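Below is the file target10.txt, which contains compact mmCIF, C-alpha atoms.
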# COMPACT_ATOMS: atom_id res chain seq x y z
CA MET A 1 97.81 -77.58 78.82
CA PHE A 2 100.26 -77.04 81.69
CA GLU A 3 100.13 -79.32 84.65
CA SER A 4 98.88 -77.55 87.73
CA ASP A 5 97.53 -78.29 91.18
CA ALA A 6 93.86 -79.22 91.07
CA PRO A 7 91.84 -76.63 93.03
CA GLU A 8 89.90 -77.78 96.08
CA PHE A 9 86.08 -78.06 95.96
CA LYS A 10 84.66 -74.67 96.92
CA GLY A 11 81.08 -73.45 97.39
CA THR A 12 79.75 -76.99 97.03
CA THR A 13 76.75 -78.09 99.13
CA ASP A 14 75.29 -81.61 99.05
CA TRP A 15 77.07 -84.80 98.01
CA ILE A 16 75.10 -87.63 96.41
CA ASN A 17 76.36 -91.26 96.42
CA SER A 18 79.26 -90.29 98.71
CA LYS A 19 80.29 -88.61 101.92
CA PRO A 20 81.88 -85.18 101.31
CA LEU A 21 85.23 -85.51 99.56
CA THR A 22 88.17 -83.14 99.31
CA MET A 23 90.89 -83.00 96.68
CA LYS A 24 93.41 -83.53 99.46
CA SER A 25 91.69 -86.72 100.64
CA LEU A 26 91.72 -88.00 97.05
CA ARG A 27 95.52 -87.95 96.70
CA GLY A 28 96.69 -91.35 95.55
CA LYS A 29 93.63 -91.75 93.34
CA VAL A 30 93.06 -90.74 89.74
CA VAL A 31 90.20 -88.21 89.77
CA PHE A 32 87.92 -87.61 86.82
CA LEU A 33 85.78 -84.47 87.24
CA ASP A 34 82.78 -84.18 84.96
CA PHE A 35 81.23 -80.71 85.07
CA TRP A 36 77.63 -81.21 84.04
CA THR A 37 74.06 -80.04 84.49
CA TYR A 38 71.15 -82.39 84.31
CA SER A 39 68.97 -80.82 81.61
CA CYS A 40 71.88 -80.38 79.17
CA VAL A 41 71.62 -82.85 76.30
CA ASN A 42 75.38 -82.89 75.65
CA CYS A 43 75.97 -83.78 79.31
CA ILE A 44 73.35 -86.54 79.18
CA ARG A 45 74.95 -88.02 76.07
CA THR A 46 78.28 -88.19 77.96
CA ILE A 47 76.82 -90.21 80.85
CA PRO A 48 77.06 -93.72 79.25
CA HIS A 49 80.82 -93.21 78.77
CA LEU A 50 81.24 -92.13 82.39
CA LYS A 51 79.22 -95.10 83.64
CA GLU A 52 81.37 -97.44 81.57
CA LEU A 53 84.59 -95.97 83.00
CA HIS A 54 83.17 -96.14 86.52
CA ASP A 55 82.14 -99.79 86.10
CA LYS A 56 85.54 -100.77 84.72
CA TYR A 57 87.99 -98.77 86.78
CA SER A 58 86.43 -97.64 90.08
CA SER A 59 88.03 -100.72 91.65
CA ASN A 60 91.36 -99.70 90.07
CA ASN A 61 91.77 -96.39 91.87
CA LEU A 62 89.62 -94.20 89.57
CA VAL A 63 87.15 -91.78 91.20
CA ILE A 64 84.67 -90.09 88.89
CA ILE A 65 82.95 -87.05 90.41
CA GLY A 66 80.07 -85.33 88.68
CA VAL A 67 80.33 -81.66 89.61
CA HIS A 68 76.81 -80.41 89.04
CA THR A 69 76.87 -76.74 88.04
CA PRO A 70 73.51 -75.28 87.02
CA GLU A 71 72.62 -73.44 83.86
CA PHE A 72 69.05 -72.65 85.00
CA GLU A 73 67.74 -71.73 88.46
CA PHE A 74 65.82 -74.99 88.97
CA GLU A 75 69.02 -76.98 88.47
CA LYS A 76 70.42 -75.54 91.72
CA GLU A 77 68.09 -77.71 93.83
CA THR A 78 69.66 -80.88 95.24
CA LYS A 79 66.26 -82.60 95.17
CA ASN A 80 66.10 -82.25 91.37
CA ILE A 81 69.72 -83.37 90.95
CA LYS A 82 69.04 -86.44 93.14
CA GLU A 83 66.12 -87.40 90.90
CA ALA A 84 68.32 -87.03 87.81
CA VAL A 85 71.08 -89.15 89.40
CA LYS A 86 68.48 -91.84 90.08
CA LYS A 87 66.94 -91.59 86.62
CA HIS A 88 70.30 -91.98 84.86
CA GLY A 89 71.47 -94.68 87.28
CA LEU A 90 74.65 -92.87 88.33
CA LYS A 91 76.69 -94.75 90.93
CA TYR A 92 79.64 -92.35 91.16
CA PRO A 93 79.73 -89.33 93.52
CA VAL A 94 77.90 -86.19 92.41
CA VAL A 95 78.33 -82.86 94.17
CA ASN A 96 76.12 -79.81 93.93
CA ASP A 97 78.00 -76.63 93.00
CA PRO A 98 74.91 -74.35 92.96
CA GLU A 99 76.68 -71.01 92.55
CA ASN A 100 79.25 -72.33 90.05
CA ILE A 101 82.11 -71.60 92.47
CA THR A 102 84.12 -74.81 91.93
CA TRP A 103 83.34 -74.38 88.22
CA ARG A 104 85.00 -70.93 88.31
CA GLU A 105 87.94 -72.27 90.35
CA TYR A 106 88.62 -74.56 87.39
CA GLY A 107 88.14 -71.68 84.93
CA ASN A 108 85.22 -73.42 83.29
CA GLN A 109 82.79 -72.01 80.73
CA TYR A 110 81.25 -75.10 79.16
CA TRP A 111 78.88 -78.00 79.73
CA PRO A 112 80.10 -80.69 79.79
CA ARG A 113 83.78 -80.33 80.64
CA GLN A 114 86.06 -83.08 81.91
CA THR A 115 89.20 -82.58 83.98
CA LEU A 116 91.57 -85.47 84.69
CA ILE A 117 93.70 -85.26 87.81
CA ASP A 118 96.55 -87.65 88.52
CA SER A 119 97.27 -89.42 91.80
CA LYS A 120 99.56 -86.56 92.87
CA GLY A 121 96.73 -84.02 92.51
CA MET A 122 97.95 -82.48 89.25
CA ILE A 123 95.62 -81.59 86.38
CA ARG A 124 96.76 -83.68 83.42
CA LEU A 125 94.00 -83.33 80.81
CA GLU A 126 91.09 -81.02 80.16
CA HIS A 127 88.39 -81.76 77.66
CA VAL A 128 85.47 -79.61 76.52
CA GLY A 129 82.15 -80.82 75.12
CA GLU A 130 80.95 -84.18 73.87
CA GLY A 131 83.02 -86.70 71.97
CA GLY A 132 86.73 -87.48 72.09
CA PHE A 133 86.04 -90.11 74.71
CA ASP A 134 88.54 -92.59 73.30
CA GLU A 135 91.30 -90.10 74.06
CA LEU A 136 89.93 -89.48 77.56
CA ALA A 137 89.65 -93.20 78.30
CA GLY A 138 93.19 -93.71 77.04
CA LYS A 139 94.47 -91.01 79.37
CA VAL A 140 92.53 -92.55 82.30
CA ILE A 141 94.30 -95.87 81.70
CA GLU A 142 97.67 -94.13 81.39
CA LEU A 143 97.20 -92.26 84.68
CA LEU A 144 95.92 -95.38 86.47
CA GLU A 145 98.96 -97.36 85.33
CA GLU A 146 101.21 -94.48 86.33
CA SER A 147 99.66 -94.59 89.81
CA GLY A 148 100.59 -98.26 90.08
CA SER A 149 97.25 -99.85 89.14
CA LYS A 150 97.35 -103.01 87.09
CA ILE A 151 94.80 -102.71 84.28
CA ASN A 152 93.31 -105.83 82.82
CA VAL A 153 94.29 -106.02 79.12
CA ILE A 154 90.86 -107.34 78.15
CA THR A 155 88.98 -104.38 79.61
CA LYS A 156 91.39 -102.05 77.83
CA VAL A 157 90.45 -103.53 74.48
CA MET A 158 86.77 -103.44 75.33
CA ILE A 159 86.61 -99.65 75.40
CA LYS A 160 84.22 -98.90 72.61
CA LYS A 161 85.34 -97.01 69.56
CA GLU A 162 83.16 -93.99 69.11
CA ASN A 163 80.88 -94.01 66.14
CA MET A 164 82.31 -91.14 64.16
CA THR A 165 79.71 -91.42 61.42
CA SER A 166 76.77 -91.02 63.77
CA ARG A 167 76.22 -87.42 62.72
CA MET A 168 75.64 -87.47 59.01
CA MET A 169 77.12 -84.85 56.75
CA THR A 170 74.29 -82.95 55.23
CA ALA A 171 73.59 -79.95 53.02
CA VAL A 172 70.94 -78.71 55.47
CA SER A 173 72.36 -77.06 58.55
CA PRO A 174 71.33 -78.62 61.86
CA THR A 175 69.17 -76.42 64.08
CA PRO A 176 71.19 -75.03 66.99
CA GLU A 177 70.11 -75.05 70.63
CA THR A 178 67.35 -72.44 70.84
CA TYR A 179 66.69 -70.62 74.11
CA LEU A 180 63.30 -69.06 74.80
CA GLY A 181 63.99 -66.78 77.78
CA GLU A 182 64.69 -63.09 77.20
CA GLU A 183 68.33 -63.42 78.23
CA ARG A 184 69.37 -65.65 75.33
CA SER A 185 66.42 -65.84 72.93
CA PRO A 186 67.23 -64.92 69.32
CA GLY A 187 63.65 -63.53 69.09
CA PHE A 188 60.47 -65.14 67.83
CA GLY A 189 59.23 -65.40 64.26
CA ASN A 190 56.03 -63.56 65.19
CA GLY A 191 55.46 -60.57 67.43
CA ALA A 192 53.16 -59.97 70.39
CA VAL A 193 49.97 -57.94 70.05
CA CYS A 194 47.66 -56.10 72.41
CA VAL A 195 44.03 -57.18 72.59
CA PRO A 196 41.43 -55.78 75.03
CA GLU A 197 42.34 -58.54 77.56
CA GLY A 198 46.04 -57.68 77.61
CA CYS A 199 49.30 -57.51 75.70
CA ASP A 200 50.59 -61.10 75.93
CA ARG A 201 48.86 -62.44 72.81
CA TYR A 202 50.78 -64.05 69.97
CA VAL A 203 49.01 -64.64 66.66
CA ASP A 204 50.68 -67.26 64.51
CA ILE A 205 51.38 -66.49 60.86
CA PRO A 206 50.93 -68.91 57.95
CA THR A 207 54.53 -69.15 56.74
CA HIS A 208 57.27 -70.33 59.07
CA GLU A 209 61.01 -69.97 58.53
CA LYS A 210 63.32 -72.79 59.62
CA ASP A 211 65.06 -72.43 63.00
CA LYS A 212 62.64 -69.75 64.22
CA VAL A 213 60.22 -70.17 67.11
CA TYR A 214 56.58 -69.16 66.56
CA LEU A 215 54.13 -68.75 69.41
CA SER A 216 50.37 -68.89 69.50
CA GLY A 217 48.19 -67.90 72.45
CA ASP A 218 49.10 -65.88 75.53
CA TRP A 219 52.73 -66.03 76.67
CA ILE A 220 55.02 -64.05 78.94
CA GLN A 221 58.75 -64.04 78.31
CA GLU A 222 60.83 -64.14 81.50
CA LYS A 223 64.62 -64.02 81.82
CA GLU A 224 65.21 -67.79 81.48
CA PHE A 225 61.91 -69.10 80.08
CA ILE A 226 58.52 -68.41 78.54
CA LYS A 227 55.34 -69.23 80.44
CA HIS A 228 51.89 -69.93 79.14
CA VAL A 229 49.25 -67.63 80.60
CA GLY A 230 46.24 -68.31 78.36
CA LYS A 231 43.64 -70.99 77.68
CA GLU A 232 45.41 -72.85 74.91
CA GLY A 233 48.60 -72.13 73.07
CA TYR A 234 51.53 -73.66 71.30
CA VAL A 235 55.20 -73.29 70.53
CA ALA A 236 56.17 -74.25 66.97
CA LEU A 237 59.60 -74.71 65.41
CA LYS A 238 60.69 -75.96 62.01
CA TYR A 239 64.01 -77.71 62.59
CA SER A 240 66.57 -80.02 61.00
CA ALA A 241 67.87 -82.83 63.23
CA ARG A 242 67.28 -86.45 64.22
CA SER A 243 65.98 -85.87 67.71
CA VAL A 244 64.27 -83.02 69.53
CA ASN A 245 64.48 -82.34 73.26
CA ILE A 246 62.75 -79.62 75.25
CA VAL A 247 63.50 -78.34 78.75
CA LEU A 248 60.31 -77.71 80.73
CA LYS A 249 59.42 -76.90 84.29
CA PRO A 250 55.99 -77.28 85.86
CA LEU A 251 55.17 -74.06 87.73
CA GLY A 252 52.63 -75.78 89.99
CA THR A 253 52.65 -79.06 91.90
CA LYS A 254 50.18 -81.00 89.74
CA PRO A 255 51.55 -82.94 86.72
CA PHE A 256 49.94 -82.05 83.39
CA LYS A 257 49.92 -83.27 79.80
CA VAL A 258 51.49 -81.45 76.87
CA TRP A 259 50.56 -82.61 73.39
CA ILE A 260 53.29 -83.07 70.80
CA GLN A 261 52.79 -82.94 67.04
CA LEU A 262 55.08 -83.29 64.06
CA ASP A 263 54.07 -81.62 60.79
CA GLY A 264 50.55 -81.19 62.13
CA LYS A 265 50.09 -84.86 63.11
CA PHE A 266 50.54 -86.74 66.35
CA LEU A 267 53.66 -88.86 66.50
CA THR A 268 53.82 -92.63 66.08
CA LYS A 269 55.97 -95.26 67.73
CA ASP A 270 58.41 -94.86 64.79
CA ASN A 271 59.29 -91.23 65.46
CA ALA A 272 58.36 -90.80 69.13
CA GLY A 273 60.92 -89.58 71.63
CA LYS A 274 61.71 -91.59 74.75
CA ASP A 275 59.51 -89.46 77.01
CA LEU A 276 56.43 -89.63 74.78
CA LYS A 277 53.27 -91.40 75.91
CA PHE A 278 50.10 -92.12 73.99
CA GLU A 279 46.43 -91.59 74.80
CA LYS A 280 44.61 -93.49 72.05
CA ASP A 281 46.67 -92.22 69.12
CA LYS A 282 47.53 -88.83 70.58
CA SER A 283 51.14 -88.31 71.61
CA TYR A 284 51.91 -86.37 74.78
CA ILE A 285 54.41 -85.94 77.58
CA LEU A 286 53.52 -85.82 81.24
CA VAL A 287 55.26 -82.82 82.79
CA ASP A 288 55.86 -83.83 86.40
CA ARG A 289 59.38 -82.50 87.04
CA PRO A 290 61.76 -79.81 85.81
CA ASP A 291 63.76 -81.71 83.22
CA MET A 292 64.75 -82.27 79.63
CA TYR A 293 62.12 -84.27 77.74
CA ASN A 294 63.02 -86.21 74.58
CA ILE A 295 60.00 -85.75 72.28
CA VAL A 296 61.10 -86.72 68.75
CA ASN A 297 63.49 -89.34 67.41
CA THR A 298 63.55 -89.92 63.65
CA GLN A 299 65.75 -92.52 62.02
CA ASN A 300 67.47 -90.00 59.76
CA PHE A 301 68.52 -86.37 59.89
CA GLU A 302 65.29 -84.74 58.71
CA THR A 303 63.48 -81.39 58.52
CA HIS A 304 60.11 -81.16 60.27
CA GLU A 305 57.97 -78.77 62.21
CA VAL A 306 57.39 -79.70 65.84
CA LYS A 307 54.49 -78.23 67.77
CA ILE A 308 54.13 -78.28 71.54
CA VAL A 309 50.53 -77.68 72.53
CA THR A 310 49.42 -76.80 76.04
CA ASP A 311 46.30 -75.78 77.92
CA SER A 312 48.09 -75.50 81.25
CA LYS A 313 49.01 -72.28 83.02
CA ASP A 314 51.76 -74.24 84.82
CA PHE A 315 53.68 -74.67 81.55
CA SER A 316 57.09 -73.02 81.30
CA MET A 317 59.70 -73.78 78.67
CA TYR A 318 63.41 -72.97 78.64
CA THR A 319 65.00 -74.35 75.49
CA PHE A 320 64.98 -76.67 72.48
CA THR A 321 68.01 -78.91 71.99
CA PHE A 322 68.69 -81.25 69.10
CA GLY A 323 70.54 -84.42 68.37
CA MET B 1 79.20 -40.50 14.94
CA ARG B 2 76.59 -42.20 17.04
CA LYS B 3 73.10 -40.98 16.86
CA TYR B 4 71.49 -40.38 20.22
CA ILE B 5 67.83 -41.37 20.23
CA LYS B 6 66.36 -40.12 23.46
CA ASP B 7 63.10 -42.08 23.24
CA LYS B 8 64.90 -45.39 23.17
CA VAL B 9 67.01 -44.88 26.29
CA ASP B 10 66.07 -47.29 29.06
CA ILE B 11 65.64 -45.78 32.44
CA ILE B 12 66.78 -48.00 35.27
CA PHE B 13 65.60 -47.44 38.81
CA TYR B 14 67.79 -48.79 41.54
CA ALA B 15 65.92 -50.16 44.52
CA GLY B 16 67.34 -48.68 47.68
CA GLY B 17 68.32 -45.46 45.94
CA ASN B 18 65.40 -43.30 46.81
CA LEU B 19 62.61 -45.79 46.95
CA LYS B 20 59.79 -44.73 49.24
CA HIS B 21 57.81 -47.32 51.15
CA LYS B 22 54.21 -46.81 52.07
CA ILE B 23 53.94 -47.70 55.74
CA ILE B 24 50.86 -47.60 57.95
CA VAL B 25 51.02 -48.46 61.65
CA TYR B 26 47.69 -49.35 63.27
CA GLY B 27 47.92 -48.88 67.02
CA ALA B 28 46.58 -47.19 70.14
CA PRO B 29 48.13 -45.04 72.86
CA TRP B 30 47.66 -47.76 75.55
CA CYS B 31 49.49 -50.45 73.57
CA PRO B 32 53.17 -50.90 74.53
CA TRP B 33 54.03 -53.05 71.46
CA CYS B 34 52.68 -50.23 69.23
CA HIS B 35 55.01 -47.75 70.92
CA ARG B 36 57.95 -50.08 70.45
CA ALA B 37 57.13 -50.52 66.76
CA LYS B 38 56.79 -46.75 66.22
CA ASP B 39 59.96 -46.05 68.23
CA PHE B 40 61.84 -48.54 66.07
CA LEU B 41 60.64 -46.86 62.84
CA ASN B 42 61.42 -43.39 64.21
CA GLU B 43 64.91 -44.46 65.30
CA SER B 44 65.47 -45.90 61.82
CA LYS B 45 64.27 -42.54 60.38
CA ILE B 46 61.49 -44.23 58.43
CA GLU B 47 58.33 -42.27 57.79
CA PHE B 48 54.98 -43.88 58.47
CA GLU B 49 51.32 -43.05 58.83
CA ASP B 50 50.01 -43.51 62.37
CA ARG B 51 46.41 -44.76 62.49
CA ASP B 52 44.88 -44.79 65.98
CA VAL B 53 42.21 -47.50 66.12
CA ASP B 54 40.65 -45.95 69.25
CA LYS B 55 39.96 -42.67 67.50
CA ARG B 56 38.52 -44.01 64.25
CA PRO B 57 36.42 -47.21 64.21
CA GLU B 58 37.12 -47.63 60.48
CA TYR B 59 40.81 -48.14 61.32
CA ALA B 60 39.86 -50.99 63.71
CA GLN B 61 37.88 -52.49 60.84
CA GLU B 62 40.91 -52.13 58.54
CA VAL B 63 42.98 -54.08 61.09
CA ILE B 64 40.49 -56.96 60.92
CA ASN B 65 40.21 -56.79 57.13
CA LYS B 66 43.97 -56.71 56.55
CA SER B 67 45.19 -59.13 59.23
CA GLY B 68 42.20 -61.34 60.03
CA GLN B 69 42.48 -60.60 63.77
CA MET B 70 41.92 -57.78 66.24
CA GLY B 71 45.32 -57.40 67.98
CA ILE B 72 47.53 -54.34 67.52
CA PRO B 73 49.98 -53.23 66.28
CA VAL B 74 49.43 -54.20 62.69
CA ILE B 75 51.97 -52.78 60.30
CA ASP B 76 51.24 -52.48 56.60
CA ILE B 77 54.41 -52.08 54.54
CA ASP B 78 53.57 -51.76 50.84
CA GLY B 79 50.77 -54.29 51.39
CA ASN B 80 52.86 -56.72 53.47
CA ILE B 81 50.95 -57.18 56.69
CA ILE B 82 52.94 -57.70 59.88
CA ILE B 83 51.01 -58.66 62.98
CA GLY B 84 52.59 -57.58 66.26
CA PHE B 85 55.93 -55.94 66.92
CA ASN B 86 58.46 -58.01 65.02
CA LYS B 87 61.68 -56.15 64.25
CA ASP B 88 63.01 -58.84 61.90
CA ALA B 89 59.82 -58.89 59.82
CA ILE B 90 59.81 -55.07 59.56
CA LYS B 91 63.43 -55.04 58.46
CA LYS B 92 62.78 -57.75 55.89
CA ALA B 93 59.75 -55.93 54.44
CA LEU B 94 61.81 -52.74 54.18
CA GLY B 95 64.78 -54.53 52.66
CA LEU B 96 67.04 -53.37 55.51

Please go through the file and, once you have read it, give me the structure as structure tokens.
Amino acid sequence: MFESDAPEFKGTTDWINSKPLTMKSLRGKVVFLDFWTYSCVNCIRTIPHLKELHDKYSSNNLVIIGVHTPEFEFEKETKNIKEAVKKHGLKYPVVNDPENITWREYGNQYWPRQTLIDSKGMIRLEHVGEGGFDELAGKVIELLEESGSKINVITKVMIKKENMTSRMMTAVSPTPETYLGEERSPGFGNGAVCVPEGCDRYVDIPTHEKDKVYLSGDWIQEKEFIKHVGKEGYVALKYSARSVNIVLKPLGTKPFKVWIQLDGKFLTKDNAGKDLKFEKDKSYILVDRPDMYNIVNTQNFETHEVKIVTDSKDFSMYTFTFG
Amino acid sequence: MRKYIKDKVDIIFYAGGNLKHKIIVYGAPWCPWCHRAKDFLNESKIEFEDRDVDKRPEYAQEVINKSGQMGIPVIDIDGNIIIGFNKDAIKKALGL
């Protein structure tokens, strides 16, 4: 990658945790831009590394800026981003880039993407996706030292080695991110039918293929999401992974429950995702905000069928992501 | 000299050569998914029998008997029953 002048922030609106900053005003500091969006699982998994760097080096001239560029419409709203910043305990500045203008200025196409800018305002490293954080942290230290900062040797050593064996090699292919909206959906395993009441009905079929979404009940497919328009319905998917996340948005103002099942049974404390709650022995999530919800966490990489059951007409779902 | 015994010659049929599928589409003129299913078959130049459930009540009964539900379209491909318009399932049943 050639060194080049870091473009100025453009098209950005609100700043969180900071007064508005400019690239020019940041000369003399090492700037770490993290392009992210708050319902993206890969971006969320990057956050602990960013927090660690912020805690260690913000006093040493490092400025981390989370440039929030949306993937879905609801991620454009500052209010939602503020809630996510609070939820994840981010202390570094975050700026809303709702129309992806700064993102385009940096020629970006991915979430997450990190750009490291030296104290002279030159881009020195670009990094796409999760992982490779040891290399990034190493470059941060190098640029800080180059800028004249004295880095404590002990903190240098403390940078955690990434666990390279965390994703097990397996004969079964992991299920990829699966979008449900018309724009990027690979299609459903079952088709819609017309009944006298309308043409939004999906009738589930007995045999399900892996990595295919099956619907039951009345659903409408919009550009970015599917919405539930019937009395009771579900979304089912047979997947291979350790954890399952879903991106949901309540269409009304009232929170509602969505029941989660694995292989036809409610989950237990052993395989429940972080956002799961229990009513007696029934596992559910409370949908009270547009966000990514972690619904399943198994100890190993496993194949299961997850079912998301709803009786709410405020239910809309964007995607499944896996870990 | 080899003796040619006609009666003992095996005849092999190759699937996909000129194999005809028996396809029935149960639908109705007011049903958009039925139109999409029929358009897909027509575009793929695949012949099918069109059974309008509004015109003949026995066809509506066949839908229930074959698929266990009342929604249309229902597509019967050589006895494989496909509920709703599902391009992938049609292709799979036809071996496309």

Find the residues of chain A in contact range of chain B, meaning any atom within 7 Å when counting all atoms listed in the file, and list them as a list in words. Asn190, Gly191, Ala192, Val193, Cys194 and Val195 of chain A

Find the spatial neighbours of Glu99 in chain A, counting all atoms listed in the file, within a cut-off of 8 Å - ignore same-chain residues fewer than 3 positions away - and output them as a list in words.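 That gives Gly11, Thr69, Pro70 and Lys76 of chain A.
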
Neighbouring residues of Leu96 in chain B were defined as those with any atom within 10 Å, considering all atoms listed in the file; residues of the same chain fewer than 4 positions away were excluded. Please report them as a list in words.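 Surrounding residues, per the criterion: Gly16, Ser44, Asp88, Ile90, Lys91 and Lys92 of chain B.
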
Please, what distance in Å, to one decimal, runs between CA of Arg27 in chain A and CA of Ile81 in chain A?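 Separation of CA of Arg27 in chain A and CA of Ile81 in chain A: 26.8 Å.
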
Identify which of the residues B:Tyr26, B:Gln61, B:Asp54, B:His21 lies closest to Pro196 in chain A, counting only C-alpha atoms when measuring atom-to-atom distances.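 Counting only C-alpha atoms, the residue closest to Pro196 in chain A is B:Asp54.
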
Quick one: pull the distance between CA of Ile101 in chain A and CA of Thr22 in chain A, Å, one decimal. 14.7 Å

Rounded to one decimal in Å, what is the spacing between CA of Lys277 in chain A and CA of His228 in chain A?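 Spanning CA of Lys277 in chain A to CA of His228 in chain A is a straight-line distance of 21.8 Å.
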
Just the residues within 12 Å of Lys257 in chain A, please, counting only C-alpha atoms, with nothing from its chain fewer than 6 positions along; format it as a list in words.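 The residues satisfying every condition are Leu248, Pro250, Asp275, Leu276, Lys277, Phe278, Glu279, Lys282, Ser283, Tyr284, Ile285, Leu286, Val287, Asp288, Arg289, Ile308, Val309, Thr310, Asp311, Ser312, Lys313, Asp314 and Phe315 of chain A.
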
Select, from A:Tyr57, A:Phe32, A:Tyr38, A:Tyr234, the residue with the minimum atom-to-atom distance to Glu73 in chain A, counting all atoms listed in the file.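 Checking each candidate against Glu73 in chain A, we get A:Tyr38 as the closest.
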
Neighbours of Gly264 in chain A within 9 Å (all atoms listed in the file; same-chain residues fewer than 4 positions away dropped), as an NGL selection string? :A and (305-307)

Output the selection as a PDB file, in the frame of the given file - C-alpha atoms for each residue.
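So the final result, stored in result-v4.pdb, reads:
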ATOM      1  CA  GLU A 305      57.970 -78.770  62.210  1.00  0.00           C
ATOM      2  CA  VAL A 306      57.390 -79.700  65.840  1.00  0.00           C
ATOM      3  CA  LYS A 307      54.490 -78.230  67.770  1.00  0.00           C
TER       4      LYS A 307
END

With all atoms listed in the file as the counted atoms, please give the residues lying no more than 9 Å from Ile64 in chain A, apart from itself and same-chain residues fewer than 2 positions off, as a list in words.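 Everything that qualifies: Val30, Val31, Phe32, Leu33, Asp34, Leu50, Leu53, His54, Ser58, Leu62, Gly66, Tyr92, Pro93 and Val94 of chain A.
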